[in-house]
2 protein chains.
Amino acid sequence: MKNKKILLSEKEIPTHYYNVVADMPNKPLPPLHPGTREPIDPEMLAPLFPMELIKQEVSTNRYVEIPEEVRDIYLKWRPTPMYRAYDLEKALDTPAKIYYKYEGVSPTGSHKPNTAVAQAYYNKQEGVKRITTETGAGQWGSALSFACKQFGIDLEVYMVNISYHHKPYRKMMMNSFGAQVYPSPSNRTQSGRDILAKDPDASGSLGIAISEAVELAAKDENTKYALGSVLNHVLMHQTVIGEEAVKQMEKAGDMPDIVVGPFGGGSNFSGISFPFLRKNLTEGTNIRCIASEPASCPKLTKGEFRYDFGDTAGFTPLLPMYTLGHNFIPAPIHAGGLRYHGAGVVVSQLLKDKLIEARAHDQMETFEAGLLFAQTEGIIPAPETNHAIATAIQEANRCKEEGKEETILIHLCGHGYFDLKSYDDYMAGKLKHHAVSDEEIKASLAQLDVLQPV
Amino acid sequence: MKNKKILLSEKEIPTHYYNVVADMPNKPLPPLHPGTREPIDPEMLAPLFPMELIKQEVSTNRYVEIPEEVRDIYLKWRPTPMYRAYDLEKALDTPAKIYYKYEGVSPTGSHKPNTAVAQAYYNKQEGVKRITTETGAGQWGSALSFACKQFGIDLEVYMVNISYHHKPYRKMMMNSFGAQVYPSPSNRTQSGRDILAKDPDASGSLGIAISEAVELAAKDENTKYALGSVLNHVLMHQTVIGEEAVKQMEKAGDMPDIVVGPFGGGSNFSGISFPFLRKNLTEGTNIRCIASEPASCPKLTKGEFRYDFGDTAGFTPLLPMYTLGHNFIPAPIHAGGLRYHGAGVVVSQLLKDKLIEARAHDQMETFEAGLLFAQTEGIIPAPETNHAIATAIQEANRCKEEGKEETILIHLCGHGYFDLKSYDDYMAGKLKHHAVSDEEIKASLAQLDVLQPV
């Protein structure tokens, strides 16, 4: 019998988050004030975030120590297992060696608790009593619910109305962890009431939910706001995944030629890849880091690098990023966590500098990949995760054609227990191809303010 | 930081199943033919089960070697982790040390694949092309779907009609693993057609689903039948859990005073407890093994030890067991896996001989226990699992009252991701107490044939 799992002991849990900014040849451009278009002062974010997270957001230090209290909670599921995917390799008849790092063992089934616990901790340290946040499909809301419960912080989650009704299990999970969940738009905020006045049945959007959560945090000094991806500090917290993965690959006596992670806002991909990218930047290795995105929301492969807003409404600072335009509305694919118009600032700069790669996959291809993975490896992956598997399968097939024994590491960021309906739709032939034309992207980008600097 | 997890390496995976029959002071009474009431010849079961499983069913050997192919598949999730429940201990303010062994990391989220993989393997060895089975809530059907996929065996699952419609996610999971799932009663069998002729909307029952699966297996020599609990060989396969747990407790430098597992038909409880019971029977230790059952289906605490049928219709051999009577219909509690009228033969004999204990819990108490567990430990347990947690909490509270530092081991047999609706009902105050009166039990037992020998 061959070893399938590469496990770390609890003593081997990472002690530091890795901040890739320290090693970037070109540092990210600064965020700009949406009005003045001048670089913003980090202090402006103080009403929304605890000071320690603001410091991390702009830090250029290579490492940030993980507080012992955070590591102690991580031990509930970390270090997470790495697997060698022997049965997938066999099914593909590939000479490539495929590994996967599995984050689905976390309390809420994805990588999101890695940053949720850290964010809850820093809020607690600064006396915050209540946190507000938004959630779409519910992964982030679930993770923060668990995290806030650990520190006795009250949590209000504004969940996109249509998801609130379509994904009742996610809401129930948040409730089980003690959070209050409200469909957004709600009548608890001015932003929500304004929308409900016009349309009492508004289906909501992540943009609206963000507005509600931010409004509440801004007006109460005991309340802060938390975000689950995109921002630098969020990406940095997720590097615990890659730090473990580096150690595990070393234990396996191997090192990846290719690291692949799904791409939504960036935290998922960054989590697995940045510690490998560090090897490229500081040790001269040449590990290919590939971000896998949906063909229906291809900001990395078809978007433009320019300043754009992080939200739909245009309230956030202007951020230098690959974007499809903040008004771009992606098709309703099942991988809800990847339906975001832009990419985090750090990842965008890395892609611009060709230090990472990107690849887009059609929804049908991703479910075919996910189903093959489930039937061979025995884990049903989340639809988001299937994008990385699709890229890995493409690379494994290339290895077969070229007769190369390369090593591929997949970030298996979450399980698909709550997403079985999407597999059912796929098997029943109900899923659609969701291509977005170059014209649509051009039209969306054309709506951006042409005067903004890039 | 204290160590939370006690992990075994892949090399430490058990090599043998443990057969407690070898060490029982009183061996189980034989099953009787339902017609002649004479002990049955094991060969009579050959149309339904492969010979190796029939041999295991009647074996008195202490150990059965686990085939390498089976262990190789087990490595996809085994050895499973053991945890020290520090946060639950803290919440209970108890001097007791609480550990839990977690089987929710399996491909289908419970302990069921342990026997499903073994059964699929032995069927494959004997050339079986197709397996039929029944499933209620879907845990067993999911596990066997995964297992059959690993060996390329076709699987037909007859799923109780009402569950088929109420638990669509379980059906989708079975489909994802390549199984065919039919609502039972179906028009694919004579048993099903007979019932549908009388009532086209029949909601079905486990008894009917068993009849359909057995009918199909009996009439086709390439098709066999598989059962997920109750039988001796099923209980034996589950002992991989307890074998690992013994090693893990030794690694932790500890040994339980109390081992507690939920009780449905017996495989769950037996899996964790039999290897500890072996220590009592062969080394003179005094580890209390407690089976936790629902107050609404209290066969162990309020049933009678006597011969009864394993199914509702009365097709199976007569088995010597604790039973509420095969016509007993338990209340519709959420812990569907514990709604069975009787107890496996081996467990029944052990209880009769006072070598194990049993305790019943009301549904409300079990959800209170499960929610506390989720909020402290970060794992949302299955409703079945909550029964064992409720017993553990009672014992931890007793330890507090008595000032005793005892060690308690819980079998955390599955997660509750598919059962969040039941938590939602509990939190919304919609759950009911489901007591069954002594008169009801007496009336059900009175229907049994008084002439049968005990």
# chains A, B, ... in the order shown; residues from 1 in each chain; ligands from 1

$ interface_residues --of "chain A" --to "chain B" --cutoff "6 Å" --atoms "only C-alpha atoms" --output "PyMOL selection string"
chain A and resi 1+72+107+172+177+375+378-379+424

$ select_by_dssp --residues "segment 123-206 of chain B" --states "helix (DSSP H, G or I)" --output "PyMOL selection string"
chain B and resi 123-125+139-151+161-166+168-176+190-198+206

$ select_by_dssp --residues "segment 264-339 of chain A" --states "strand (DSSP E)" --output "list in words"
Arg288, Cys289, Ile290, Ala291, Ser292, Glu293, Pro294, Glu304, Phe305, Arg306, Tyr307, Asp308, Phe309, Leu318, Leu319, Pro320, Met321, Tyr322 and Thr323 of chain A

$ residues_around --residues "Met159 of chain A" --least-positions-apart "6" --cutoff "12 Å" --atoms "only C-alpha atoms" --output "VMD selection string"
chain A and resid 132 to 142 165 to 168 170 to 171 174 179 to 186 192 203 to 213

$ residues_around --residues "Asn123 of chain A" --least-positions-apart "3" --cutoff "10 Å" --atoms "only C-alpha atoms" --output "PyMOL selection string"
chain A and resi 49-53+117-120+126-131+148+151+153+222-226

$ residues_around --residues "Thr316 of chain B" --least-positions-apart "4" --cutoff "9 Å" --atoms "only C-alpha atoms" --output "list in words"
His33, Pro34, Phe309, Gly310 and Asp311 of chain B

$ atom_distance --atom1 "atom CA of Val240 of chain B" --atom2 "atom CA of Met24 of chain B"
18.9 Å

$ closest_residue --among "A:Val246, A:Val20, A:Cys297, A:Val346" --to "Ser229 of chain A" --atoms "only C-alpha atoms"
A:Val346

$ residues_around --residues "segment 39-42 of chain B" --least-positions-apart "3" --cutoff "12 Å" --atoms "only C-alpha atoms" --output "VMD selection string"
chain B and resid 29 to 36 45 to 59 307 316 to 320 453

$ residues_around --residues "Met364 of chain B" --least-positions-apart "3" --cutoff "8 Å" --atoms "only C-alpha atoms" --output "list in words"
Phe367, Glu368, Tyr426, Leu431, Lys432 and His433 of chain B

$ atom_distance --atom1 "atom CA of Ala96 of chain A" --atom2 "atom CA of Ile408 of chain A"
7.1 Å
